[in-house]
file query.cif (mmCIF, C-alpha atoms)
data_work
loop_
_atom_site.label_atom_id
_atom_site.label_comp_id
_atom_site.auth_asym_id
_atom_site.auth_seq_id
_atom_site.Cartn_x
_atom_site.Cartn_y
_atom_site.Cartn_z
CA MET H 1 -15.94 -0.51 -15.88
CA SER H 2 -17.34 2.91 -15.06
CA GLN H 3 -17.66 5.99 -17.21
CA PHE H 4 -16.23 9.00 -15.43
CA GLU H 5 -17.46 12.40 -16.58
CA THR H 6 -16.56 15.77 -15.17
CA GLU H 7 -15.58 19.24 -16.20
CA THR H 8 -12.05 20.48 -15.74
CA GLY H 9 -10.70 23.83 -16.92
CA GLY H 10 -14.00 24.49 -18.72
CA GLN H 11 -13.63 21.28 -20.77
CA LEU H 12 -15.86 18.21 -20.53
CA LEU H 13 -13.76 15.19 -19.66
CA GLN H 14 -14.85 11.59 -20.28
CA LEU H 15 -12.78 8.63 -19.11
CA ARG H 16 -13.22 4.87 -18.80
CA LEU H 17 -11.91 3.77 -15.44
CA GLU H 18 -11.49 0.37 -13.79
CA ARG H 19 -10.33 -0.82 -10.43
CA TYR H 20 -7.32 -3.07 -10.43
CA PRO H 21 -6.68 -6.01 -10.19
CA LEU H 22 -9.35 -7.00 -12.68
CA GLU H 23 -11.45 -9.30 -10.55
CA GLU H 24 -15.20 -9.33 -10.43
CA ALA H 25 -15.60 -8.40 -6.77
CA VAL H 26 -13.30 -5.43 -7.28
CA THR H 27 -14.19 -4.22 -10.77
CA GLN H 28 -17.86 -3.85 -9.82
CA LEU H 29 -16.76 -1.06 -7.49
CA GLN H 30 -16.30 2.44 -8.86
CA ALA H 31 -12.69 3.42 -9.56
CA TRP H 32 -13.14 7.07 -8.61
CA GLU H 33 -14.90 9.11 -5.96
CA ALA H 34 -16.50 12.52 -5.61
CA ALA H 35 -13.26 14.01 -4.23
CA ASP H 36 -11.55 13.28 -7.59
CA GLU H 37 -14.31 15.11 -9.42
CA TYR H 38 -14.31 18.02 -6.97
CA LEU H 39 -10.53 18.41 -7.28
CA LEU H 40 -10.60 18.42 -11.10
CA GLN H 41 -13.37 21.04 -11.16
CA ASN H 42 -11.42 23.39 -8.87
CA LEU H 43 -7.77 23.22 -9.84
CA ASN H 44 -6.13 25.76 -12.09
CA THR H 45 -3.62 24.29 -14.56
CA ASP H 46 -2.73 27.85 -15.66
CA ALA H 47 -0.75 27.96 -12.40
CA LEU H 48 1.75 25.53 -13.96
CA ASN H 49 3.58 27.94 -16.30
CA GLY H 50 5.74 25.05 -17.49
CA ARG H 51 6.53 23.93 -13.92
CA PRO H 52 5.98 20.37 -12.62
CA LEU H 53 2.52 19.04 -11.69
CA LEU H 54 2.57 16.62 -8.74
CA ILE H 55 -0.25 14.20 -7.85
CA PHE H 56 -0.23 12.34 -4.52
CA ASN H 57 -2.07 9.12 -3.52
CA ASP H 58 -4.10 8.67 -6.72
CA ALA H 59 -5.59 5.24 -5.94
CA PHE H 60 -6.62 4.13 -9.45
CA GLY H 61 -5.13 6.82 -11.67
CA THR H 62 -8.25 8.97 -12.12
CA LEU H 63 -6.34 12.22 -11.58
CA ALA H 64 -3.36 11.04 -13.64
CA CYS H 65 -5.60 10.13 -16.59
CA ALA H 66 -7.41 13.48 -16.42
CA LEU H 67 -4.20 15.50 -16.12
CA GLN H 68 -1.91 13.46 -18.39
CA PRO H 69 -1.73 16.22 -21.08
CA HIS H 70 0.35 18.15 -18.47
CA ASN H 71 2.86 15.29 -17.99
CA PRO H 72 2.35 15.01 -14.22
CA THR H 73 4.44 13.05 -11.72
CA SER H 74 2.33 10.62 -9.68
CA ILE H 75 3.67 9.94 -6.17
CA ASN H 76 2.34 6.85 -4.43
CA ASP H 77 3.42 4.34 -1.80
CA SER H 78 1.28 1.65 -3.44
CA PHE H 79 2.68 -0.44 -6.30
CA MET H 80 -0.89 -1.67 -6.99
CA SER H 81 -2.06 1.93 -7.45
CA GLN H 82 0.74 2.45 -9.97
CA LEU H 83 -0.38 -0.68 -11.87
CA ALA H 84 -3.99 0.55 -11.79
CA MET H 85 -2.94 3.94 -13.17
CA ARG H 86 -0.98 2.33 -16.03
CA HIS H 87 -3.98 0.10 -16.81
CA ASN H 88 -6.38 3.06 -16.93
CA LEU H 89 -4.01 5.13 -19.09
CA ARG H 90 -3.89 2.18 -21.53
CA ILE H 91 -7.64 1.61 -21.80
CA ASN H 92 -8.13 5.32 -22.54
CA GLY H 93 -5.52 5.23 -25.29
CA PHE H 94 -3.10 7.53 -23.46
CA ASP H 95 0.66 7.22 -23.64
CA GLU H 96 1.79 5.46 -20.45
CA ASP H 97 4.97 7.54 -20.48
CA SER H 98 2.93 10.75 -20.23
CA VAL H 99 2.81 10.23 -16.44
CA ALA H 100 6.00 9.72 -14.41
CA THR H 101 5.71 7.60 -11.26
CA GLN H 102 7.75 7.54 -8.09
CA SER H 103 7.42 6.31 -4.52
CA SER H 104 7.08 8.62 -1.53
CA LEU H 105 10.67 7.79 -0.56
CA VAL H 106 12.27 9.57 -3.54
CA PRO H 107 13.03 13.35 -3.53
CA LEU H 108 10.31 15.35 -5.31
CA PRO H 109 10.66 17.45 -8.49
CA ILE H 110 11.53 20.99 -7.42
CA ASN H 111 9.45 24.16 -7.83
CA PRO H 112 6.10 22.56 -8.76
CA GLY H 113 3.42 24.86 -10.17
CA LEU H 114 0.52 22.72 -8.95
CA VAL H 115 0.24 20.03 -6.25
CA VAL H 116 -2.88 17.83 -6.12
CA ILE H 117 -3.25 15.59 -3.06
CA LYS H 118 -5.76 12.87 -2.26
CA VAL H 119 -5.58 12.95 1.53
CA PRO H 120 -4.40 9.50 2.70
CA LYS H 121 -6.05 7.62 5.58
CA THR H 122 -2.75 7.55 7.49
CA LEU H 123 -1.94 10.88 9.10
CA ALA H 124 1.73 9.87 9.38
CA LEU H 125 1.93 9.38 5.59
CA LEU H 126 0.35 12.80 5.01
CA GLU H 127 2.91 14.32 7.40
CA GLN H 128 5.79 12.62 5.55
CA GLN H 129 4.48 13.87 2.19
CA LEU H 130 3.93 17.45 3.42
CA LEU H 131 7.44 17.55 4.89
CA ALA H 132 8.82 16.36 1.53
CA LEU H 133 6.75 19.03 -0.26
CA ARG H 134 8.05 21.70 2.11
CA GLU H 135 11.51 21.12 0.58
CA VAL H 136 10.38 21.88 -3.00
CA VAL H 137 7.30 24.20 -3.06
CA THR H 138 7.44 27.98 -3.39
CA PRO H 139 4.92 30.69 -2.42
CA GLY H 140 3.70 30.53 -6.04
CA THR H 141 2.78 26.82 -5.89
CA GLN H 142 -0.96 26.09 -5.96
CA ILE H 143 -1.70 23.36 -3.39
CA ILE H 144 -5.09 21.67 -3.37
CA ALA H 145 -6.13 18.51 -1.51
CA GLY H 146 -9.35 16.53 -1.38
CA ALA H 147 -11.02 13.62 0.41
CA LYS H 148 -14.35 12.42 1.73
CA ALA H 149 -15.60 15.11 4.12
CA ARG H 150 -15.60 12.60 6.99
CA ASP H 151 -11.87 11.95 6.45
CA ILE H 152 -10.82 15.61 6.80
CA HIS H 153 -10.38 16.34 10.49
CA THR H 154 -9.09 19.31 12.46
CA SER H 155 -5.80 17.39 12.81
CA THR H 156 -5.56 17.15 8.98
CA LEU H 157 -5.91 20.92 8.58
CA GLN H 158 -3.51 21.60 11.46
CA LEU H 159 -0.85 19.48 9.73
CA PHE H 160 -1.13 21.52 6.51
CA GLU H 161 -1.01 24.76 8.55
CA LYS H 162 1.98 23.70 10.64
CA ILE H 163 4.13 22.36 7.77
CA LEU H 164 3.16 24.44 4.72
CA GLY H 165 1.12 27.49 5.73
CA PRO H 166 -2.37 29.07 5.86
CA THR H 167 -5.06 26.50 5.13
CA LYS H 168 -8.77 26.80 4.45
CA THR H 169 -11.37 24.21 3.63
CA SER H 170 -14.22 24.30 1.11
CA LEU H 171 -17.89 23.58 1.56
CA ALA H 172 -18.79 19.93 1.29
CA TRP H 173 -20.00 18.74 -2.14
CA LYS H 174 -21.30 15.19 -2.67
CA LYS H 175 -19.84 14.42 0.77
CA ALA H 176 -16.36 15.49 -0.39
CA ARG H 177 -14.32 18.44 0.79
CA LEU H 178 -11.29 20.33 -0.51
CA ILE H 179 -8.32 21.87 1.29
CA HIS H 180 -6.58 24.95 -0.14
CA CYS H 181 -3.15 25.72 1.25
CA GLU H 182 -0.67 28.56 0.75
CA ALA H 183 3.03 27.70 0.92
CA THR H 184 4.37 30.33 3.32
CA LEU H 185 6.57 27.65 4.98
CA PRO H 186 6.34 28.68 8.65
CA ALA H 187 9.35 27.94 10.85
CA GLN H 188 8.99 24.51 12.43
CA THR H 189 10.93 21.70 14.02
CA ALA H 190 10.61 18.59 11.88
CA GLU H 191 9.50 15.46 13.68
CA PRO H 192 11.14 12.15 12.71
CA VAL H 193 8.99 10.47 10.06
CA ILE H 194 10.33 6.99 10.87
CA SER H 195 8.98 5.59 14.14
CA GLU H 196 11.03 3.15 16.18
CA TRP H 197 10.26 0.77 19.04
CA ALA H 198 11.71 -2.20 20.88
CA LEU H 199 10.23 -5.58 19.96
CA ASP H 200 9.01 -7.37 23.10
CA ASP H 201 10.95 -10.43 24.28
CA SER H 202 13.77 -9.82 21.80
CA GLU H 203 16.76 -7.57 21.25
CA PHE H 204 15.27 -6.22 18.00
CA ARG H 205 14.58 -2.53 17.52
CA ILE H 206 11.97 -2.06 14.81
CA SER H 207 11.89 0.94 12.45
CA ASN H 208 8.76 1.83 10.49
CA HIS H 209 8.28 4.25 7.64
CA ALA H 210 5.14 6.40 7.76
CA ASN H 211 2.73 4.17 5.82
CA VAL H 212 3.51 0.80 7.40
CA PHE H 213 0.69 -1.17 9.06
CA SER H 214 0.83 -1.07 12.87
CA ARG H 215 3.77 1.33 12.86
CA GLY H 216 3.51 2.18 16.55
CA GLY H 217 4.04 -1.34 17.89
CA LEU H 218 3.60 -5.04 17.21
CA ASP H 219 0.09 -5.96 16.05
CA ILE H 220 -1.54 -8.74 18.06
CA GLY H 221 -1.94 -11.09 15.07
CA ALA H 222 1.78 -10.92 14.29
CA ARG H 223 2.62 -11.41 17.98
CA PHE H 224 0.64 -14.68 18.02
CA PHE H 225 2.05 -15.81 14.64
CA MET H 226 5.66 -15.30 15.77
CA GLN H 227 5.16 -17.99 18.43
CA HIS H 228 4.18 -20.59 15.80
CA LEU H 229 6.54 -20.24 12.83
CA PRO H 230 8.06 -23.24 11.02
CA GLU H 231 11.60 -24.35 11.87
CA GLY H 232 14.28 -26.40 10.13
CA ILE H 233 13.38 -25.24 6.62
CA GLN H 234 16.14 -25.37 4.01
CA GLY H 235 15.58 -23.36 0.83
CA ARG H 236 13.60 -20.26 -0.12
CA MET H 237 10.86 -18.80 2.06
CA ALA H 238 8.68 -15.75 1.51
CA ASP H 239 7.19 -13.26 3.95
CA LEU H 240 4.24 -12.28 1.75
CA GLY H 241 2.77 -8.87 2.65
CA CYS H 242 5.81 -8.37 4.88
CA GLY H 243 4.98 -4.96 6.41
CA ASN H 244 7.92 -4.05 8.66
CA GLY H 245 9.35 -7.57 8.30
CA VAL H 246 9.01 -8.85 11.89
CA ILE H 247 7.58 -12.21 10.76
CA GLY H 248 10.32 -12.81 8.18
CA MET H 249 13.05 -11.71 10.60
CA THR H 250 11.82 -14.08 13.31
CA ALA H 251 11.66 -16.91 10.75
CA LEU H 252 15.19 -16.07 9.53
CA ALA H 253 16.51 -16.53 13.05
CA LEU H 254 14.65 -19.88 13.38
CA ASN H 255 15.79 -21.20 9.98
CA PRO H 256 19.54 -20.58 9.57
CA ASP H 257 19.68 -22.55 6.29
CA ALA H 258 16.83 -20.70 4.59
CA GLU H 259 16.70 -17.62 2.34
CA MET H 260 13.91 -15.09 2.86
CA LEU H 261 12.04 -13.04 0.27
CA PHE H 262 10.39 -9.98 1.86
CA VAL H 263 7.62 -8.83 -0.48
CA ASP H 264 4.90 -6.18 -0.19
CA GLU H 265 3.07 -3.79 -2.48
CA SER H 266 4.08 -0.85 -0.24
CA TYR H 267 7.46 0.73 -0.98
CA MET H 268 7.65 1.92 2.62
CA ALA H 269 6.97 -1.59 3.97
CA VAL H 270 9.74 -3.19 1.91
CA GLU H 271 12.18 -0.42 2.80
CA SER H 272 11.26 -0.79 6.51
CA SER H 273 11.93 -4.55 6.26
CA ARG H 274 15.30 -3.92 4.65
CA ILE H 275 16.29 -1.40 7.36
CA ASN H 276 15.16 -3.80 10.10
CA VAL H 277 17.18 -6.74 8.77
CA GLU H 278 20.26 -4.53 8.29
CA ASN H 279 19.97 -3.08 11.80
CA ASN H 280 19.05 -6.24 13.70
CA LEU H 281 20.40 -9.18 11.69
CA PRO H 282 23.31 -7.74 9.70
CA GLN H 283 24.91 -11.18 9.46
CA ASP H 284 21.77 -12.46 7.63
CA VAL H 285 21.40 -9.73 4.97
CA SER H 286 23.00 -12.03 2.38
CA ARG H 287 20.14 -14.52 2.90
CA CYS H 288 17.49 -11.89 2.16
CA HIS H 289 15.83 -10.43 -0.91
CA PHE H 290 13.52 -7.41 -0.81
CA GLU H 291 10.91 -6.81 -3.49
CA VAL H 292 8.05 -4.38 -4.11
CA ASN H 293 5.58 -6.46 -6.08
CA ASN H 294 1.99 -7.49 -6.80
CA MET H 295 1.92 -10.60 -4.56
CA LEU H 296 4.48 -13.08 -5.98
CA ALA H 297 4.21 -11.99 -9.62
CA GLY H 298 7.26 -13.08 -11.56
CA VAL H 299 8.39 -15.60 -8.90
CA GLU H 300 8.88 -18.91 -10.70
CA ARG H 301 6.52 -21.81 -10.08
CA GLU H 302 7.51 -24.36 -7.46
CA THR H 303 10.58 -22.51 -6.17
CA LEU H 304 9.53 -21.78 -2.56
CA HIS H 305 9.68 -24.11 0.43
CA ALA H 306 7.44 -22.01 2.67
CA VAL H 307 5.24 -18.92 2.44
CA LEU H 308 4.35 -16.99 5.62
CA CYS H 309 1.43 -14.60 5.46
CA ASN H 310 -0.54 -12.28 7.73
CA PRO H 311 -3.06 -11.21 5.06
CA PRO H 312 -4.99 -7.91 5.13
CA PHE H 313 -8.76 -8.31 5.16
CA HIS H 314 -9.58 -5.05 3.40
CA GLN H 315 -8.62 -3.27 0.21
CA GLY H 316 -8.65 0.45 0.94
CA THR H 317 -11.92 0.91 2.83
CA VAL H 318 -13.59 -2.20 1.36
CA ILE H 319 -13.71 -5.17 3.75
CA SER H 320 -12.93 -8.19 1.60
CA ASP H 321 -10.89 -11.38 1.56
CA ASP H 322 -10.08 -10.95 -2.14
CA THR H 323 -6.50 -9.92 -1.42
CA ALA H 324 -6.01 -12.86 0.94
CA TRP H 325 -7.41 -15.30 -1.65
CA ARG H 326 -5.03 -13.98 -4.33
CA MET H 327 -2.14 -14.33 -1.86
CA PHE H 328 -3.10 -17.96 -1.16
CA CYS H 329 -3.36 -18.79 -4.90
CA ASP H 330 0.01 -17.15 -5.62
CA ALA H 331 1.59 -19.02 -2.72
CA LYS H 332 0.29 -22.34 -4.03
CA ARG H 333 1.67 -21.62 -7.52
CA CYS H 334 5.12 -20.79 -6.13
CA LEU H 335 5.41 -23.58 -3.55
CA GLN H 336 7.24 -26.81 -4.26
CA THR H 337 5.47 -30.11 -3.65
CA GLY H 338 5.75 -30.62 0.12
CA GLY H 339 6.14 -26.86 0.68
CA GLU H 340 3.78 -25.12 3.10
CA LEU H 341 1.71 -21.97 3.38
CA ARG H 342 1.36 -20.85 6.98
CA ILE H 343 -0.96 -17.95 7.83
CA VAL H 344 -2.49 -16.07 10.73
CA GLY H 345 -6.01 -14.73 10.35
CA ASN H 346 -9.01 -13.47 12.29
CA ARG H 347 -11.09 -16.47 13.33
CA HIS H 348 -14.29 -15.07 11.81
CA LEU H 349 -12.86 -15.03 8.25
CA ASP H 350 -13.07 -18.81 7.74
CA TYR H 351 -9.77 -19.14 5.90
CA TYR H 352 -9.75 -22.83 6.94
CA GLN H 353 -12.38 -23.79 4.33
CA LYS H 354 -10.73 -21.68 1.63
CA LEU H 355 -7.32 -23.26 2.17
CA ARG H 356 -8.80 -26.74 2.34
CA ARG H 357 -10.53 -26.13 -1.00
CA LEU H 358 -7.35 -24.76 -2.59
CA PHE H 359 -4.75 -27.20 -1.23
CA GLY H 360 -6.92 -30.23 -0.38
CA ASN H 361 -5.71 -30.01 3.23
CA CYS H 362 -5.50 -27.58 6.13
CA THR H 363 -4.27 -28.02 9.69
CA THR H 364 -5.00 -25.73 12.63
CA ILE H 365 -1.63 -25.11 14.31
CA ALA H 366 -2.88 -22.85 17.11
CA THR H 367 -5.88 -20.77 18.04
CA ASN H 368 -6.81 -18.11 20.59
CA GLN H 369 -9.92 -16.00 21.19
CA LYS H 370 -9.28 -13.77 18.17
CA PHE H 371 -6.86 -15.49 15.78
CA VAL H 372 -6.15 -18.82 14.17
CA ILE H 373 -2.88 -20.10 12.67
CA LEU H 374 -3.33 -22.45 9.72
CA ARG H 375 -0.99 -24.61 7.65
CA SER H 376 -1.60 -26.09 4.20
CA VAL H 377 0.89 -28.26 2.33
CA LYS H 378 1.14 -28.46 -1.45
CA THR H 379 0.65 -32.07 -2.53
CA ALA H 380 1.38 -33.78 -5.86
CA SER H 381 -2.36 -34.33 -6.40
CA HIS H 382 -3.24 -30.63 -5.93
CA HIS H 383 -1.03 -28.86 -8.45
#

call {"tool": "encode", "arguments": {"input": "query.cif", "output": "C-alpha cells"}}
result
Amino acid sequence: MSQFETETGGQLLQLRLERYPLEEAVTQLQAWEAADEYLLQNLNTDALNGRPLLIFNDAFGTLACALQPHNPTSINDSFMSQLAMRHNLRINGFDEDSVATQSSLVPLPINPGLVVIKVPKTLALLEQQLLALREVVTPGTQIIAGAKARDIHTSTLQLFEKILGPTKTSLAWKKARLIHCEATLPAQTAEPVISEWALDDSEFRISNHANVFSRGGLDIGARFFMQHLPEGIQGRMADLGCGNGVIGMTALALNPDAEMLFVDESYMAVESSRINVENNLPQDVSRCHFEVNNMLAGVERETLHAVLCNPPFHQGTVISDDTAWRMFCDAKRCLQTGGELRIVGNRHLDYYQKLRRLFGNCTTIATNQKFVILRSVKTASHH
C-alpha cells in the first residue's frame, strides 16, 4: 500500500492507495503516478458551480478518491479499474456512493463544470471519449488532461484541437505533462468510432469498439488459435478475455450443441462480441451469454465444459503473467472434471510448466515460430 500526498485547491491531501487485484506482484507497484498529482495540483473545482465533475480513465481511483467530496462521475472502459476505485474509496473510509461510475458507452452527464482526463494509451479510445464530450461540454467547461510526457504526442494534441477546440500543453513536471483545452467546438465531420473489417477465410464481418485489442484486424495469435479449437463439446464453454469475440464465435460454429459465455473486463470488448454474434450468427444468439466481469467471478464451480483463452501478458504497461495465471486458476475452478482449458500464448512465456503444475497435465496441441497452443484437462485428482 502506498501513501499518496499532494496539494489540491490549497489543501494537503493524504490518501492510502492500493493496486487491484490484491496480489503481491501487483500491490508492490504504486497505484498512482505523477500525472495524477500534477492534475490535482492544477485543476480548479471552483469552475464546477454545482455542475457535474467528470473523470475519465482513472486506473485505480486516485482522482476519484481525491475528488469524491464533489460527487464526480468516473467514466472507464475497465471493470477492474472500477473495482480498484471502490476498493480505494473503502480503505480511505469514503462513501462508495459518493462517486458514480459508468462505461464509455453510456451518454455523459450534460453541461459539466470540470472534466479531468487521464489520457489513455489507445488513441481511438481518446477520440471516442472526446466525441462523446463534444455532445455535452459548453464553452464554460474547464477541460484538463494529463499523462506521462512520453505518452502525449502531437497526434494527441491534434485530436483535442480538432474535436473540442484550442489546446495547449504545460511544461513537463516529474516526467508528466498536462493538456488544457477550451471547448469552442469547431465544425467537424465525425469519423465512425467503431471499426469494421472482413475476417479472412470466413463470411464474418467484425465490428470493434474503440478500446478493443487488435481492433484493426485479426491478431496473429487468435488467427493460429482459430485453427485448433475443440469440437464436439456439449454444454457450457467460455471465451475468457473475449475481446471482439472471434474465438468464441468460431467455437460456436464448431460446437452446435454448446453454449458460449463471452466474458471480458472491458465493456467495449463485451459489447463488440455481442454485436458480432448478432450480425454474423443471429441464429446462435440464444446460445450466448455476454458478461463484463473480473475473470469468471460468480460463475459456479464445475459448471463449464471448456474454457478458451488468449491471455494478455501485461497489465497496463507492466509486463506480467499475473493476469494469465489468475485466468488459469479461475478456469480450473469453473471446469467440470474432464473439462478442458485450451489457450494460445507466446512461446517464450512458458505457460506449459504453469498449466502442468496447476492441472497435473498439459498437452501441446500445435506450435509455430511465435505461438504455442496448449490443452489441460481437469482431473478428479487435481480439484

call {"tool": "residues_around", "arguments": {"input": "query.cif", "residues": "Gln128 in chain H", "least_positions_apart": "3", "cutoff": "7 Å", "atoms": "all atoms listed in the file", "output": "list in words"}}
result
Ala124, Leu125, Leu131, Ala132, Val193 and Ala210 of chain H

call {"tool": "residues_around", "arguments": {"input": "query.cif", "residues": "Ser103 in chain H", "least_positions_apart": "6", "cutoff": "10 Å", "atoms": "only C-alpha atoms", "output": "MDAnalysis selection string"}}
result
chainID H and resid 56:57 74:79 82 266:268

call {"tool": "write_last_selection", "arguments": {"input": "query.cif", "atoms": "C-alpha atoms", "output": "compact mmCIF listing (two decimals), keeping the file's coordinate frame"}}
result
# COMPACT_ATOMS: atom_id res chain seq x y z
CA PHE H 56 -0.23 12.34 -4.52
CA ASN H 57 -2.07 9.12 -3.52
CA SER H 74 2.33 10.62 -9.68
CA ILE H 75 3.67 9.94 -6.17
CA ASN H 76 2.34 6.85 -4.43
CA ASP H 77 3.42 4.34 -1.80
CA SER H 78 1.28 1.65 -3.44
CA PHE H 79 2.68 -0.44 -6.30
CA GLN H 82 0.74 2.45 -9.97
CA SER H 266 4.08 -0.85 -0.24
CA TYR H 267 7.46 0.73 -0.98
CA MET H 268 7.65 1.92 2.62

call {"tool": "residues_around", "arguments": {"input": "query.cif", "residues": "Thr364 in chain H", "least_positions_apart": "4", "cutoff": "8 Å", "atoms": "all atoms listed in the file", "output": "VMD selection string"}}
result
chain H and resid 352 372 to 375

call {"tool": "closest_residue", "arguments": {"input": "query.cif", "among": "H:Val137, H:Cys242, H:Leu358, H:Val116", "to": "Ser214 in chain H", "atoms": "all atoms listed in the file"}}
result
H:Cys242

call {"tool": "closest_residue", "arguments": {"input": "query.cif", "among": "H:Asp58, H:Asp95, H:Asp46, H:Glu127", "to": "Leu114 in chain H", "atoms": "only C-alpha atoms"}}
result
H:Asp46

call {"tool": "resolve_selection", "arguments": {"input": "query.cif", "expression": "the PyMOL selection byres ((chain H and resi 53) around 9)", "output": "ChimeraX atom specification"}}
result
/H:45,48,50-52,54-55,67,70-74,109,112-116

call {"tool": "closest_residue", "arguments": {"input": "query.cif", "among": "H:Val307, H:Val119, H:Leu185, H:Thr379", "to": "Pro230 in chain H", "atoms": "all atoms listed in the file"}}
result
H:Val307

call {"tool": "closest_residue", "arguments": {"input": "query.cif", "among": "H:Gly360, H:Gly146, H:Pro186, H:Pro107", "to": "Glu161 in chain H", "atoms": "only C-alpha atoms"}}
result
H:Pro186

call {"tool": "atom_distance", "arguments": {"input": "query.cif", "atom1": "CA of Glu182 in chain H", "atom2": "CA of Leu12 in chain H"}}
result
28.1 Å

call {"tool": "closest_residue", "arguments": {"input": "query.cif", "among": "H:Val344, H:Met80, H:Ala183, H:Ile247", "to": "Met295 in chain H", "atoms": "only C-alpha atoms"}}
result
H:Met80

call {"tool": "resolve_selection", "arguments": {"input": "query.cif", "expression": "the PyMOL selection byres ((chain H and resi 34) around 12)", "output": "list of chain:residue names"}}
result
H:Phe4, H:Glu5, H:Thr6, H:Gln30, H:Ala31, H:Trp32, H:Glu33, H:Ala35, H:Asp36, H:Glu37, H:Tyr38, H:Leu39, H:Leu40, H:Gln41, H:Thr62, H:Leu63, H:Lys118, H:Gly146, H:Ala147, H:Lys148, H:Ala149, H:Ala172, H:Trp173, H:Lys174, H:Lys175, H:Ala176, H:Arg177, H:Leu178

call {"tool": "closest_residue", "arguments": {"input": "query.cif", "among": "H:Glu291, H:Thr167, H:Lys121, H:Asp97", "to": "Arg150 in chain H", "atoms": "only C-alpha atoms"}}
result
H:Lys121

call {"tool": "atom_distance", "arguments": {"input": "query.cif", "atom1": "CA of Phe225 in chain H", "atom2": "CA of Phe328 in chain H"}}
result
16.8 Å

call {"tool": "residues_around", "arguments": {"input": "query.cif", "residues": "Ser376 in chain H", "least_positions_apart": "3", "cutoff": "6 Å", "atoms": "only C-alpha atoms", "output": "list of chain:residue names"}}
result
H:Glu340, H:Leu341, H:Asn361, H:Cys362

call {"tool": "write_last_selection", "arguments": {"input": "query.cif", "atoms": "C-alpha atoms", "output": "PDB file, in the coordinates of the input"}}
result
ATOM      1  CA  GLU H 340       3.780 -25.120   3.100  1.00  0.00           C
ATOM      2  CA  LEU H 341       1.710 -21.970   3.380  1.00  0.00           C
ATOM      3  CA  ASN H 361      -5.710 -30.010   3.230  1.00  0.00           C
ATOM      4  CA  CYS H 362      -5.500 -27.580   6.130  1.00  0.00           C
TER       5      CYS H 362
END

call {"tool": "residues_around", "arguments": {"input": "query.cif", "residues": "Leu349 in chain H", "least_positions_apart": "2", "cutoff": "10 Å", "atoms": "all atoms listed in the file", "output": "list of chain:residue names"}}
result
H:Phe313, H:Ser320, H:Asp321, H:Gly345, H:Asn346, H:Arg347, H:Tyr351, H:Tyr352, H:Gln353, H:Lys354, H:Phe371, H:Val372

call {"tool": "write_last_selection", "arguments": {"input": "query.cif", "atoms": "C-alpha atoms", "output": "PDB file, keeping the file's coordinate frame"}}
result
ATOM      1  CA  PHE H 313      -8.760  -8.310   5.160  1.00  0.00           C
ATOM      2  CA  SER H 320     -12.930  -8.190   1.600  1.00  0.00           C
ATOM      3  CA  ASP H 321     -10.890 -11.380   1.560  1.00  0.00           C
ATOM      4  CA  GLY H 345      -6.010 -14.730  10.350  1.00  0.00           C
ATOM      5  CA  ASN H 346      -9.010 -13.470  12.290  1.00  0.00           C
ATOM      6  CA  ARG H 347     -11.090 -16.470  13.330  1.00  0.00           C
ATOM      7  CA  TYR H 351      -9.770 -19.140   5.900  1.00  0.00           C
ATOM      8  CA  TYR H 352      -9.750 -22.830   6.940  1.00  0.00           C
ATOM      9  CA  GLN H 353     -12.380 -23.790   4.330  1.00  0.00           C
ATOM     10  CA  LYS H 354     -10.730 -21.680   1.630  1.00  0.00           C
ATOM     11  CA  PHE H 371      -6.860 -15.490  15.780  1.00  0.00           C
ATOM     12  CA  VAL H 372      -6.150 -18.820  14.170  1.00  0.00           C
TER      13      VAL H 372
END
